[in-house]
Structures are given as C-alpha cells and as structure tokens.
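So this one's final_21.cif, mmCIF, C-alpha atoms:
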data_target
loop_
_atom_site.group_PDB
_atom_site.id
_atom_site.type_symbol
_atom_site.label_atom_id
_atom_site.label_comp_id
_atom_site.auth_asym_id
_atom_site.auth_seq_id
_atom_site.Cartn_x
_atom_site.Cartn_y
_atom_site.Cartn_z
ATOM 1 C CA MET J 1 -8.558 -7.605 -16.025
ATOM 2 C CA LEU J 2 -5.553 -9.503 -14.746
ATOM 3 C CA ALA J 3 -3.526 -8.484 -17.802
ATOM 4 C CA LEU J 4 -4.316 -4.851 -17.097
ATOM 5 C CA VAL J 5 -3.150 -5.202 -13.512
ATOM 6 C CA ARG J 6 0.044 -6.938 -14.630
ATOM 7 C CA LYS J 7 0.755 -4.133 -17.130
ATOM 8 C CA GLN J 8 0.279 -1.496 -14.431
ATOM 9 C CA LEU J 9 2.489 -3.404 -12.019
ATOM 10 C CA ARG J 10 5.368 -3.310 -14.489
ATOM 11 C CA THR J 11 5.376 0.500 -14.527
ATOM 12 C CA HIS J 12 4.437 0.886 -10.845
ATOM 13 C CA PRO J 13 6.125 -1.926 -8.887
ATOM 14 C CA SER J 14 5.385 -0.141 -5.643
ATOM 15 C CA LEU J 15 1.835 -1.483 -5.921
ATOM 16 C CA ILE J 16 3.066 -5.021 -5.240
ATOM 17 C CA PRO J 17 3.402 -4.588 -1.427
ATOM 18 C CA LEU J 18 -0.056 -3.036 -1.474
ATOM 19 C CA PHE J 19 -1.538 -6.147 -3.069
ATOM 20 C CA ILE J 20 0.344 -8.352 -0.642
ATOM 21 C CA PHE J 21 -0.803 -6.567 2.511
ATOM 22 C CA ILE J 22 -4.377 -5.834 1.487
ATOM 23 C CA GLY J 23 -4.757 -9.299 0.009
ATOM 24 C CA GLY J 24 -3.238 -10.875 3.083
ATOM 25 C CA GLY J 25 -5.468 -8.889 5.431
ATOM 26 C CA ALA J 26 -8.611 -9.715 3.475
ATOM 27 C CA THR J 27 -7.618 -13.386 3.371
ATOM 28 C CA MET J 28 -7.048 -13.508 7.115
ATOM 29 C CA ALA J 29 -10.389 -11.840 7.807
ATOM 30 C CA ALA J 30 -12.224 -14.183 5.437
ATOM 31 C CA MET J 31 -10.554 -17.251 6.953
ATOM 32 C CA TYR J 32 -11.446 -16.197 10.479
ATOM 33 C CA LEU J 33 -15.030 -15.553 9.410
ATOM 34 C CA ALA J 34 -15.182 -19.006 7.837
ATOM 35 C CA ARG J 35 -13.734 -20.559 11.002
ATOM 36 C CA LEU J 36 -16.372 -18.818 13.103
ATOM 37 C CA ALA J 37 -19.143 -19.907 10.758
ATOM 38 C CA LEU J 38 -18.084 -23.536 10.690
ATOM 39 C CA LYS J 39 -16.551 -24.261 14.093
ATOM 40 C CA ASN J 40 -18.172 -21.871 16.556
ATOM 41 C CA PRO J 41 -20.582 -23.807 18.787
ATOM 42 C CA ASP J 42 -22.971 -20.841 18.837
ATOM 43 C CA VAL J 43 -23.726 -21.306 15.120
ATOM 44 C CA CYS J 44 -26.421 -23.737 13.987
ATOM 45 C CA TRP J 45 -26.531 -24.768 10.313
ATOM 46 C CA ASP J 46 -28.532 -27.986 10.445
ATOM 47 C CA LYS J 47 -31.688 -27.579 12.482
ATOM 48 C CA LYS J 48 -32.761 -31.169 11.960
ATOM 49 C CA ASN J 49 -29.646 -33.189 12.714
ATOM 50 C CA ASN J 50 -27.612 -30.838 14.918
ATOM 51 C CA PRO J 51 -30.093 -28.375 16.369
ATOM 52 C CA GLU J 52 -28.195 -26.976 19.389
ATOM 53 C CA PRO J 53 -24.442 -27.456 19.078
ATOM 54 C CA TRP J 54 -23.818 -25.292 22.139
ATOM 55 C CA ASN J 55 -25.185 -28.053 24.300
ATOM 56 C CA LYS J 56 -22.476 -30.471 23.179
ATOM 57 C CA LEU J 57 -19.402 -28.733 24.601
ATOM 58 C CA GLY J 58 -16.736 -31.017 26.035
ATOM 59 C CA PRO J 59 -14.409 -30.100 28.915
ATOM 60 C CA ASN J 60 -11.207 -30.760 26.959
ATOM 61 C CA ASP J 61 -12.049 -28.961 23.722
ATOM 62 C CA GLN J 62 -10.524 -25.668 22.778
ATOM 63 C CA TYR J 63 -13.017 -23.373 21.102
ATOM 64 C CA LYS J 64 -10.916 -20.249 20.863
ATOM 65 C CA LEU J 65 -8.281 -19.704 18.214
ATOM 66 C CA PHE J 66 -5.299 -19.281 20.563
ATOM 67 C CA ALA J 67 -4.608 -20.778 23.977
ATOM 68 C CA VAL J 68 -1.986 -18.647 25.676
ATOM 69 C CA ASN J 69 -1.774 -20.231 29.107
ATOM 70 C CA MET J 70 -4.453 -22.898 29.186
ATOM 71 C CA ASP J 71 -3.672 -26.599 29.052
ATOM 72 C CA TYR J 72 -6.980 -28.081 27.928
ATOM 73 C CA SER J 73 -5.928 -31.683 28.423
ATOM 74 C CA LYS J 74 -5.759 -31.126 32.183
ATOM 75 C CA LEU J 75 -9.346 -29.955 32.575
ATOM 76 C CA LYS J 76 -11.927 -32.180 34.164
ATOM 77 C CA LYS J 77 -15.627 -32.071 33.650
ATOM 78 C CA ASP J 78 -17.245 -30.763 36.827
ATOM 79 C CA ARG J 79 -20.761 -30.117 35.587
ATOM 80 C CA PRO J 80 -23.633 -32.576 35.759
ATOM 81 C CA ASP J 81 -24.977 -34.199 32.613
ATOM 82 C CA PHE J 82 -28.526 -33.349 31.687
ATOM 83 C CA MET E 1 -7.328 4.495 43.279
ATOM 84 C CA ALA E 2 -8.187 7.515 41.175
ATOM 85 C CA TYR E 3 -7.111 10.939 42.364
ATOM 86 C CA PRO E 4 -7.784 14.452 41.016
ATOM 87 C CA SER E 5 -5.855 15.518 37.892
ATOM 88 C CA MET E 6 -4.870 11.918 37.280
ATOM 89 C CA LEU E 7 -3.332 11.368 33.849
ATOM 90 C CA GLY E 8 -2.367 7.699 33.681
ATOM 91 C CA PHE E 9 -3.792 4.379 34.713
ATOM 92 C CA GLN E 10 -4.261 3.272 38.291
ATOM 93 C CA ASP E 11 -1.607 0.925 39.679
ATOM 94 C CA ALA E 12 -2.135 -2.636 38.528
ATOM 95 C CA THR E 13 -3.473 -5.086 41.065
ATOM 96 C CA SER E 14 -3.929 -8.102 38.864
ATOM 97 C CA PRO E 15 -1.554 -9.780 36.388
ATOM 98 C CA ILE E 16 -3.875 -8.960 33.502
ATOM 99 C CA MET E 17 -3.779 -5.272 34.350
ATOM 100 C CA GLU E 18 0.017 -5.430 34.426
ATOM 101 C CA GLU E 19 -0.040 -6.886 30.938
ATOM 102 C CA LEU E 20 -2.396 -4.144 29.823
ATOM 103 C CA LEU E 21 -0.113 -1.469 31.265
ATOM 104 C CA HIS E 22 2.912 -2.874 29.447
ATOM 105 C CA PHE E 23 0.959 -3.103 26.223
ATOM 106 C CA HIS E 24 -0.210 0.476 26.642
ATOM 107 C CA ASP E 25 3.400 1.605 27.077
ATOM 108 C CA HIS E 26 4.388 -0.337 23.950
ATOM 109 C CA ALA E 27 1.575 1.129 21.859
ATOM 110 C CA MET E 28 2.197 4.619 23.242
ATOM 111 C CA ILE E 29 5.859 4.526 22.194
ATOM 112 C CA ILE E 30 4.862 3.575 18.664
ATOM 113 C CA VAL E 31 2.194 6.283 18.564
ATOM 114 C CA THR E 32 4.625 8.904 19.862
ATOM 115 C CA LEU E 33 7.221 7.973 17.253
ATOM 116 C CA ILE E 34 4.726 8.146 14.420
ATOM 117 C CA SER E 35 3.243 11.429 15.604
ATOM 118 C CA SER E 36 6.603 13.112 16.051
ATOM 119 C CA PHE E 37 7.757 11.898 12.638
ATOM 120 C CA VAL E 38 4.609 13.262 10.998
ATOM 121 C CA PHE E 39 4.930 16.557 12.845
ATOM 122 C CA TYR E 40 8.558 16.890 11.768
ATOM 123 C CA THR E 41 7.713 16.068 8.153
ATOM 124 C CA ILE E 42 4.886 18.567 7.973
ATOM 125 C CA THR E 43 7.005 21.280 9.605
ATOM 126 C CA MET E 44 9.845 20.698 7.159
ATOM 127 C CA MET E 45 7.470 20.811 4.225
ATOM 128 C CA VAL E 46 5.887 24.034 5.398
ATOM 129 C CA ILE E 47 9.054 26.031 6.112
ATOM 130 C CA THR E 48 11.193 24.844 3.207
ATOM 131 C CA LYS E 49 12.381 27.204 0.485
ATOM 132 C CA LEU E 50 13.102 24.377 -1.981
ATOM 133 C CA THR E 51 10.621 23.699 -4.756
ATOM 134 C CA TYR E 52 10.901 20.954 -7.363
ATOM 135 C CA LYS E 53 7.917 21.142 -9.604
ATOM 136 C CA SER E 54 8.629 18.171 -11.866
ATOM 137 C CA MET E 55 8.623 15.367 -9.303
ATOM 138 C CA LEU E 56 6.316 12.664 -10.637
ATOM 139 C CA ASP E 57 6.722 9.514 -8.600
ATOM 140 C CA SER E 58 9.105 7.500 -6.512
ATOM 141 C CA GLN E 59 8.512 3.756 -6.488
ATOM 142 C CA GLU E 60 10.972 2.939 -3.706
ATOM 143 C CA MET E 61 9.456 5.485 -1.309
ATOM 144 C CA GLU E 62 5.976 4.164 -2.015
ATOM 145 C CA MET E 63 7.085 0.617 -1.304
ATOM 146 C CA VAL E 64 8.550 1.710 2.024
ATOM 147 C CA TRP E 65 5.512 3.648 3.120
ATOM 148 C CA THR E 66 3.250 0.731 2.305
ATOM 149 C CA ALA E 67 5.300 -1.948 4.017
ATOM 150 C CA LEU E 68 6.343 -0.006 7.104
ATOM 151 C CA PRO E 69 2.851 0.843 8.438
ATOM 152 C CA ALA E 70 1.752 -2.749 7.843
ATOM 153 C CA LEU E 71 4.727 -3.942 9.885
ATOM 154 C CA ILE E 72 4.011 -1.422 12.658
ATOM 155 C CA LEU E 73 0.375 -2.504 12.804
ATOM 156 C CA THR E 74 1.427 -6.147 13.108
ATOM 157 C CA MET E 75 3.729 -5.213 15.980
ATOM 158 C CA VAL E 76 0.782 -3.603 17.751
ATOM 159 C CA ALA E 77 -1.762 -6.297 16.885
ATOM 160 C CA LEU E 78 0.141 -9.372 18.045
ATOM 161 C CA PRO E 79 0.567 -8.402 21.729
ATOM 162 C CA SER E 80 -2.968 -7.043 21.710
ATOM 163 C CA LEU E 81 -4.492 -10.319 20.529
ATOM 164 C CA ARG E 82 -2.361 -12.246 23.008
ATOM 165 C CA ILE E 83 -3.711 -10.218 25.910
ATOM 166 C CA LEU E 84 -7.236 -10.506 24.549
ATOM 167 C CA TYR E 85 -7.088 -14.296 24.615
ATOM 168 C CA LEU E 86 -5.317 -14.240 27.981
ATOM 169 C CA MET E 87 -8.185 -12.228 29.495
ATOM 170 C CA ASP E 88 -10.643 -14.980 28.591
ATOM 171 C CA GLU E 89 -8.761 -17.735 30.398
ATOM 172 C CA LEU E 90 -9.848 -18.976 33.805
ATOM 173 C CA ASN E 91 -7.144 -20.505 35.957
ATOM 174 C CA PHE E 92 -9.033 -23.039 38.068
ATOM 175 C CA PRO E 93 -10.776 -20.578 40.348
ATOM 176 C CA ASN E 94 -11.217 -21.470 44.011
ATOM 177 C CA LEU E 95 -14.178 -19.187 44.610
ATOM 178 C CA THR E 96 -17.132 -17.960 42.606
ATOM 179 C CA VAL E 97 -18.744 -14.625 43.397
ATOM 180 C CA LYS E 98 -21.867 -13.402 41.689
ATOM 181 C CA ALA E 99 -22.213 -9.658 41.266
ATOM 182 C CA VAL E 100 -25.760 -8.630 40.390
ATOM 183 C CA GLY E 101 -26.527 -5.091 39.330
ATOM 184 C CA HIS E 102 -29.734 -3.462 40.454
ATOM 185 C CA GLN E 103 -31.060 0.039 40.258
ATOM 186 C CA TRP E 104 -29.017 1.441 41.971
ATOM 187 C CA TYR E 105 -26.758 -0.841 43.971
ATOM 188 C CA TRP E 106 -24.747 -4.014 43.559
ATOM 189 C CA SER E 107 -25.424 -7.228 45.396
ATOM 190 C CA TYR E 108 -22.869 -9.953 45.900
ATOM 191 C CA GLU E 109 -23.542 -13.636 46.406
ATOM 192 C CA TYR E 110 -21.014 -16.098 47.745
ATOM 193 C CA THR E 111 -22.851 -19.369 47.342
ATOM 194 C CA ASP E 112 -20.060 -21.905 47.094
ATOM 195 C CA PHE E 113 -20.259 -23.190 50.644
ATOM 196 C CA GLU E 114 -22.974 -21.280 52.482
ATOM 197 C CA GLN E 115 -25.540 -18.762 51.323
ATOM 198 C CA LEU E 116 -23.840 -15.417 51.849
ATOM 199 C CA ASN E 117 -25.679 -12.606 50.060
ATOM 200 C CA PHE E 118 -25.518 -8.895 50.771
ATOM 201 C CA ASP E 119 -26.196 -5.568 49.098
ATOM 202 C CA SER E 120 -23.631 -2.867 48.539
ATOM 203 C CA TYR E 121 -25.043 0.652 48.577
ATOM 204 C CA MET E 122 -23.028 3.813 48.140
ATOM 205 C CA ILE E 123 -22.544 5.784 51.342
ATOM 206 C CA PRO E 124 -24.415 9.101 50.863
ATOM 207 C CA THR E 125 -22.208 12.164 51.033
ATOM 208 C CA GLN E 126 -23.839 13.490 54.193
ATOM 209 C CA ASP E 127 -23.171 10.196 55.998
ATOM 210 C CA LEU E 128 -19.462 9.956 55.209
ATOM 211 C CA THR E 129 -17.111 9.512 58.151
ATOM 212 C CA PRO E 130 -13.622 11.086 58.011
ATOM 213 C CA GLY E 131 -11.333 9.083 55.759
ATOM 214 C CA GLN E 132 -14.027 7.729 53.490
ATOM 215 C CA PHE E 133 -14.100 8.604 49.806
ATOM 216 C CA ARG E 134 -16.994 10.579 48.381
ATOM 217 C CA LEU E 135 -19.099 8.723 45.778
ATOM 218 C CA LEU E 136 -16.764 5.736 45.963
ATOM 219 C CA ASP E 137 -17.208 4.041 49.322
ATOM 220 C CA THR E 138 -19.956 1.535 50.006
ATOM 221 C CA ASP E 139 -21.419 0.101 53.163
ATOM 222 C CA ASN E 140 -20.478 -3.509 52.346
ATOM 223 C CA ARG E 141 -17.450 -4.355 50.276
ATOM 224 C CA MET E 142 -16.899 -7.370 48.073
ATOM 225 C CA VAL E 143 -14.197 -9.121 50.058
ATOM 226 C CA VAL E 144 -11.951 -11.641 48.329
ATOM 227 C CA PRO E 145 -8.890 -13.605 49.421
ATOM 228 C CA VAL E 146 -5.614 -12.219 48.065
ATOM 229 C CA ASN E 147 -3.600 -14.144 45.459
ATOM 230 C CA SER E 148 -6.430 -16.563 44.666
ATOM 231 C CA PRO E 149 -8.034 -16.936 41.269
ATOM 232 C CA ILE E 150 -11.696 -16.051 41.599
ATOM 233 C CA ARG E 151 -14.488 -16.412 39.101
ATOM 234 C CA VAL E 152 -16.798 -13.395 39.019
ATOM 235 C CA MET E 153 -20.153 -13.852 37.324
ATOM 236 C CA VAL E 154 -21.903 -10.612 36.532
ATOM 237 C CA THR E 155 -25.525 -10.132 35.688
ATOM 238 C CA ALA E 156 -28.261 -7.594 36.254
ATOM 239 C CA ASP E 157 -31.679 -7.637 37.747
ATOM 240 C CA ASP E 158 -33.416 -4.894 35.784
ATOM 241 C CA VAL E 159 -31.456 -2.792 33.280
ATOM 242 C CA LEU E 160 -27.956 -2.837 31.857
ATOM 243 C CA HIS E 161 -25.137 -2.121 34.286
ATOM 244 C CA SER E 162 -21.415 -2.704 34.057
ATOM 245 C CA TRP E 163 -19.106 -4.022 36.767
ATOM 246 C CA ALA E 164 -15.786 -2.234 36.443
ATOM 247 C CA THR E 165 -12.661 -2.018 38.588
ATOM 248 C CA PRO E 166 -9.887 -0.230 36.662
ATOM 249 C CA SER E 167 -7.181 -1.325 39.063
ATOM 250 C CA LEU E 168 -7.935 -4.958 38.292
ATOM 251 C CA GLY E 169 -8.387 -4.293 34.592
ATOM 252 C CA ILE E 170 -11.955 -5.595 34.631
ATOM 253 C CA LYS E 171 -15.016 -4.178 32.977
ATOM 254 C CA LEU E 172 -17.860 -6.580 32.419
ATOM 255 C CA ASP E 173 -21.344 -5.666 31.271
ATOM 256 C CA ALA E 174 -24.212 -6.766 33.471
ATOM 257 C CA VAL E 175 -27.004 -7.801 31.110
ATOM 258 C CA PRO E 176 -30.356 -8.952 32.496
ATOM 259 C CA GLY E 177 -30.906 -12.571 31.610
ATOM 260 C CA ARG E 178 -27.254 -13.224 30.793
ATOM 261 C CA LEU E 179 -24.312 -14.404 32.872
ATOM 262 C CA ASN E 180 -20.948 -12.908 32.001
ATOM 263 C CA GLN E 181 -17.865 -14.445 33.516
ATOM 264 C CA THR E 182 -14.397 -13.158 34.213
ATOM 265 C CA ALA E 183 -11.357 -14.178 36.205
ATOM 266 C CA LEU E 184 -10.124 -11.983 39.013
ATOM 267 C CA MET E 185 -6.878 -12.283 40.887
ATOM 268 C CA THR E 186 -5.556 -9.655 43.237
ATOM 269 C CA SER E 187 -1.777 -9.777 43.583
ATOM 270 C CA ARG E 188 -1.702 -7.660 46.723
ATOM 271 C CA PRO E 189 -4.087 -6.917 49.600
ATOM 272 C CA GLY E 190 -5.936 -3.642 49.544
ATOM 273 C CA VAL E 191 -9.121 -1.822 48.674
ATOM 274 C CA PHE E 192 -9.919 -1.219 45.010
ATOM 275 C CA TYR E 193 -12.653 1.035 43.739
ATOM 276 C CA GLY E 194 -14.705 1.108 40.589
ATOM 277 C CA GLN E 195 -17.946 2.592 39.336
ATOM 278 C CA CYS E 196 -20.912 1.361 37.360
ATOM 279 C CA SER E 197 -19.998 1.769 33.708
ATOM 280 C CA GLU E 198 -23.275 1.476 31.803
ATOM 281 C CA ILE E 199 -25.965 4.122 32.023
ATOM 282 C CA CYS E 200 -28.750 2.728 34.124
ATOM 283 C CA GLY E 201 -30.924 5.581 35.272
ATOM 284 C CA ALA E 202 -30.924 8.442 37.693
ATOM 285 C CA ASN E 203 -28.312 7.114 40.130
ATOM 286 C CA HIS E 204 -25.980 5.507 37.627
ATOM 287 C CA SER E 205 -23.076 7.575 38.960
ATOM 288 C CA PHE E 206 -23.893 6.593 42.530
ATOM 289 C CA MET E 207 -23.514 2.831 42.588
ATOM 290 C CA PRO E 208 -19.822 2.188 43.050
ATOM 291 C CA ILE E 209 -17.993 -1.103 43.407
ATOM 292 C CA VAL E 210 -15.468 -1.753 46.155
ATOM 293 C CA VAL E 211 -13.303 -4.870 46.141
ATOM 294 C CA GLU E 212 -11.295 -5.549 49.270
ATOM 295 C CA SER E 213 -8.678 -8.280 49.154
ATOM 296 C CA ILE E 214 -7.406 -9.757 52.420
ATOM 297 C CA PRO E 215 -5.381 -12.827 53.417
ATOM 298 C CA LEU E 216 -7.231 -16.113 53.348
ATOM 299 C CA ASP E 217 -7.572 -16.689 57.112
ATOM 300 C CA HIS E 218 -8.993 -13.200 57.555
ATOM 301 C CA PHE E 219 -11.352 -13.961 54.674
ATOM 302 C CA GLU E 220 -12.678 -17.024 56.478
ATOM 303 C CA TYR E 221 -13.198 -14.930 59.602
ATOM 304 C CA TRP E 222 -15.050 -12.333 57.510
ATOM 305 C CA THR E 223 -17.390 -14.909 55.972
ATOM 306 C CA HIS E 224 -18.187 -16.265 59.426
ATOM 307 C CA SER E 225 -18.936 -12.807 60.789
ATOM 308 C CA MET E 226 -21.084 -11.892 57.774
ATOM 309 C CA LEU E 227 -23.068 -15.107 58.052
ATOM 310 C CA ASN E 228 -23.595 -14.630 61.792
ATOM 311 C CA ASN E 229 -24.641 -11.002 61.431
ATOM 312 C CA ALA E 230 -27.131 -11.628 58.633
#

When written as structure tokens, how does the structure in this file appear?
Amino acid sequence: MLALVRKQLRTHPSLIPLFIFIGGGATMAAMYLARLALKNPDVCWDKKNNPEPWNKLGPNDQYKLFAVNMDYSKLKKDRPDF
Amino acid sequence: MAYPSMLGFQDATSPIMEELLHFHDHAMIIVTLISSFVFYTITMMVITKLTYKSMLDSQEMEMVWTALPALILTMVALPSLRILYLMDELNFPNLTVKAVGHQWYWSYEYTDFEQLNFDSYMIPTQDLTPGQFRLLDTDNRMVVPVNSPIRVMVTADDVLHSWATPSLGIKLDAVPGRLNQTALMTSRPGVFYGQCSEICGANHSFMPIVVESIPLDHFEYWTHSMLNNA
C-alpha cells in the first residue's frame, strides 16, 4: 500500500503538499480530541477512583488550550470549600 | 443601534466587539480577493478563443493550488481562535448581574450587595412616548457602570431564550437549569439594544434587552433609587 503511494508520488509530486496538509489537519484534530478526552475536567473515565473530576478544579489551573490575556498565577480562590 | 437598511455591524461598545470587527474586516478582504480572482478566472475561461486540447497535467500549478488555500485558511483561523479564547476570559469583574429569561420578559438581579431584582418588559407600541424605539425599548433597563468589567450570568426560567446585544458582541443562550457566564465591558456610556435570540413562543420577538451604561457615581445613585422605589 505504501509502495503504491510512493510510486504514484514519483509521477505526481504535486500530491505531496496534499498529504502534508491533510495529514497535518487530521493529526491536529486527533490530538485535540485526545487532549479533550484526557484532560477535560468534564470527562469521567474512572467511576470508582475519580468519579467527578469537575469538582476538583483549582483556582490557578488553566483548563483551556490557550490563555491570551489571563495570568492564572495571580488568581485567588474566592469560593467556599464544600 | 440598528437602523433601517443597515448593512454592516453596529458600532462596537466593548473591546471584544472591536476585535470581532477587525477580524471581520480581515476575513472579508480575503473573501473578496478569492471571489474576485475566481470570477476573473471563470470569465477568462468562458470568453477565450484559445483551445489546447492536449493539456494533461501541471504538477507545479497543482502544488500551488494545494498550498495556497491551506495558507489562507491558516491566516483566517489563527486570529479567529485567538478571539474565541479571548471571549472566554473574565478580567476580575467588579459586579455580577444575573439575567433570567422568562416568557416573555427578562429579569435582572443585582445581588452582590443588596437584593435588587426587577423585570424588564417591552413597552407596547401603543404606549410609546415620542423618542422611544418601537419593539426595542423596555420599561426598566439593565444599568451598568461604564468601563468596568462585569460578569453576566444568563439563565432561563421556563424555555430556551438567548441574551444578545450586538453592540457589545454578546450572545449567550439562556438554558433552564444551566448558568452561562460571559464578561461584559462597555467602553463608553450609552444605551445599547438587543433582542431575544432563541425562539421561545408567541412573543419571542417582543422581549428586547436594553443595557444602559453610566458613570459609576450615577450607577450608585441609580441602585439607591431602585432599591428605595421597590
């Protein structure tokens, strides 16, 4: 299968950017999906040991991928514990 | 505010809306360039007298027209994602206002210091006084201090509604049983209108939102007068 692709690429090198961009886009989407599955506090994998991860949010943690203007180290916790 | 035959956005009142306007200009330039290029290409292909029947392929051209759209899309996506994450950030708000959607009015609760709650009904067309806007003005406005970051929490009492003010660049769905949060900051004093943006029944078009932003000392006077008149 890979040999066939390599043979076609030799006669049609214009397919190389196509592989790069489509492959790159699919990789980025898959990585973001994996990040959401593993690090999003709304997701619960282990019902016995970690049943409700959304109840364990800290005031200084960053849960989003990018922080444009927010300095998370300066935040204080102003909610009561329960 | 909106006016008849309006084509563009309303003037920005919050920094986020300014960012959205700039991004819209950026994306619109790219879209205009692409559309005019396509239009030119199609026109040239339709009115040409040249024919070359043995053209088979062109590897260089294909490489260019694969890489160039990917690059253009990246140039559109990066500012877009930046604004998306910026819209979710709260900048240490001084005030929290709860906007609750009902059928068919909004109610606002300022419960940080005292219990200030009031309803905001649309003024019926037959009761309008000169100078008021039809289907947009309400009896009580949501008053906020100018230039202060405010947290708005939106929810609904019965069915889905949506709290929207285009001038501030805010549209937030009001879901019963759920609290949605957004940051609001008016850069200038004024009155800003919006309308319910999720179908909610017979009077969905008749439950507008009015945000009035005033200087802070006037805001304190307003809260006192609202609490005394309640």

Check: Any idea what the distance is between CA of Asp158 in chain E and CA of Val97 in chain E?
Finding: 19.2 Å

Sort by chain and increasing residue number a table of all residues of chain J within 7 Å of chain E, each with its closest pair of atoms and their distance in Å to one decimal, counting only C-alpha atoms, and write it as JSON lines.
{"residue": "J:His12", "atom": "CA", "partner": "E:Gln59", "partner_atom": "CA", "distance": 6.6}
{"residue": "J:Pro13", "atom": "CA", "partner": "E:Gln59", "partner_atom": "CA", "distance": 6.6}
{"residue": "J:Ser14", "atom": "CA", "partner": "E:Met63", "partner_atom": "CA", "distance": 4.7}
{"residue": "J:Pro17", "atom": "CA", "partner": "E:Ala67", "partner_atom": "CA", "distance": 6.3}
{"residue": "J:Leu18", "atom": "CA", "partner": "E:Thr66", "partner_atom": "CA", "distance": 6.3}
{"residue": "J:Phe66", "atom": "CA", "partner": "E:Tyr85", "partner_atom": "CA", "distance": 6.7}
{"residue": "J:Ala67", "atom": "CA", "partner": "E:Tyr85", "partner_atom": "CA", "distance": 7.0}
{"residue": "J:Val68", "atom": "CA", "partner": "E:Leu86", "partner_atom": "CA", "distance": 6.0}
{"residue": "J:Met70", "atom": "CA", "partner": "E:Glu89", "partner_atom": "CA", "distance": 6.8}

Next item on the list: Between CA of Pro208 in chain E and CA of Ala99 in chain E, measure the distance and give it in Å to one decimal.
Entry: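 Separation between CA of Pro208 in chain E and CA of Ala99 in chain E: 12.2 Å.
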
Notebook entry, point to check: What is the CA of Ala230 in chain E to CA of Leu184 in chain E distance in Å?
Noted result: 26.0 Å

Checklist line | the PyMOL selection byres ((chain E and resi 116) around 10) applied to the shown file, residues as a PyMOL selection string | finding: chain E and resi 97+108-115+117-118+223-224+226-228+230

Margin query: Ranking E:Tyr105, E:Gly8, E:Ile42, E:Met17 by minimum distance to Thr165 in chain E and counting all atoms listed in the file, which one comes first?
Written below: E:Met17

Next item on the list: Just say which residues the PyMOL selection byres ((chain E and resi 13) around 9) picks in this file, as a list in words.
Entry: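 For this structure, the PyMOL selection byres ((chain E and resi 13) around 9) captures Gln10, Asp11, Ala12, Ser14, Pro15, Ile16, Met17, Glu18, Ser167, Leu168, Gly169, Met185, Thr186, Ser187, Arg188, Pro189, Gly190 and Phe192 of chain E.
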
If you count only C-alpha atoms, which residues fall within 12 Å of range 1-6 of chain J, apart from same-chain ones fewer than 3 positions away, as a PDB file with C-alpha atoms, in the coordinates of the input?
ATOM      1  CA  LEU J   9       2.489  -3.404 -12.019  1.00  0.00           C
ATOM      2  CA  ARG J  10       5.368  -3.310 -14.489  1.00  0.00           C
ATOM      3  CA  THR J  11       5.376   0.500 -14.527  1.00  0.00           C
ATOM      4  CA  HIS J  12       4.437   0.886 -10.845  1.00  0.00           C
ATOM      5  CA  PRO J  13       6.125  -1.926  -8.887  1.00  0.00           C
ATOM      6  CA  LEU J  15       1.835  -1.483  -5.921  1.00  0.00           C
ATOM      7  CA  ILE J  16       3.066  -5.021  -5.240  1.00  0.00           C
ATOM      8  CA  PHE J  19      -1.538  -6.147  -3.069  1.00  0.00           C
TER       9      PHE J  19
END

Next item on the list: Translate the PyMOL selection byres ((chain E and resi 174) around 6), as applied to the file shown, into an explicit residue set as a list in words.
Entry: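 After applying the PyMOL selection byres ((chain E and resi 174) around 6), what remains is Val154, Thr155, Ala156, Leu160, His161, Ser162, Asp173 and Val175 of chain E.
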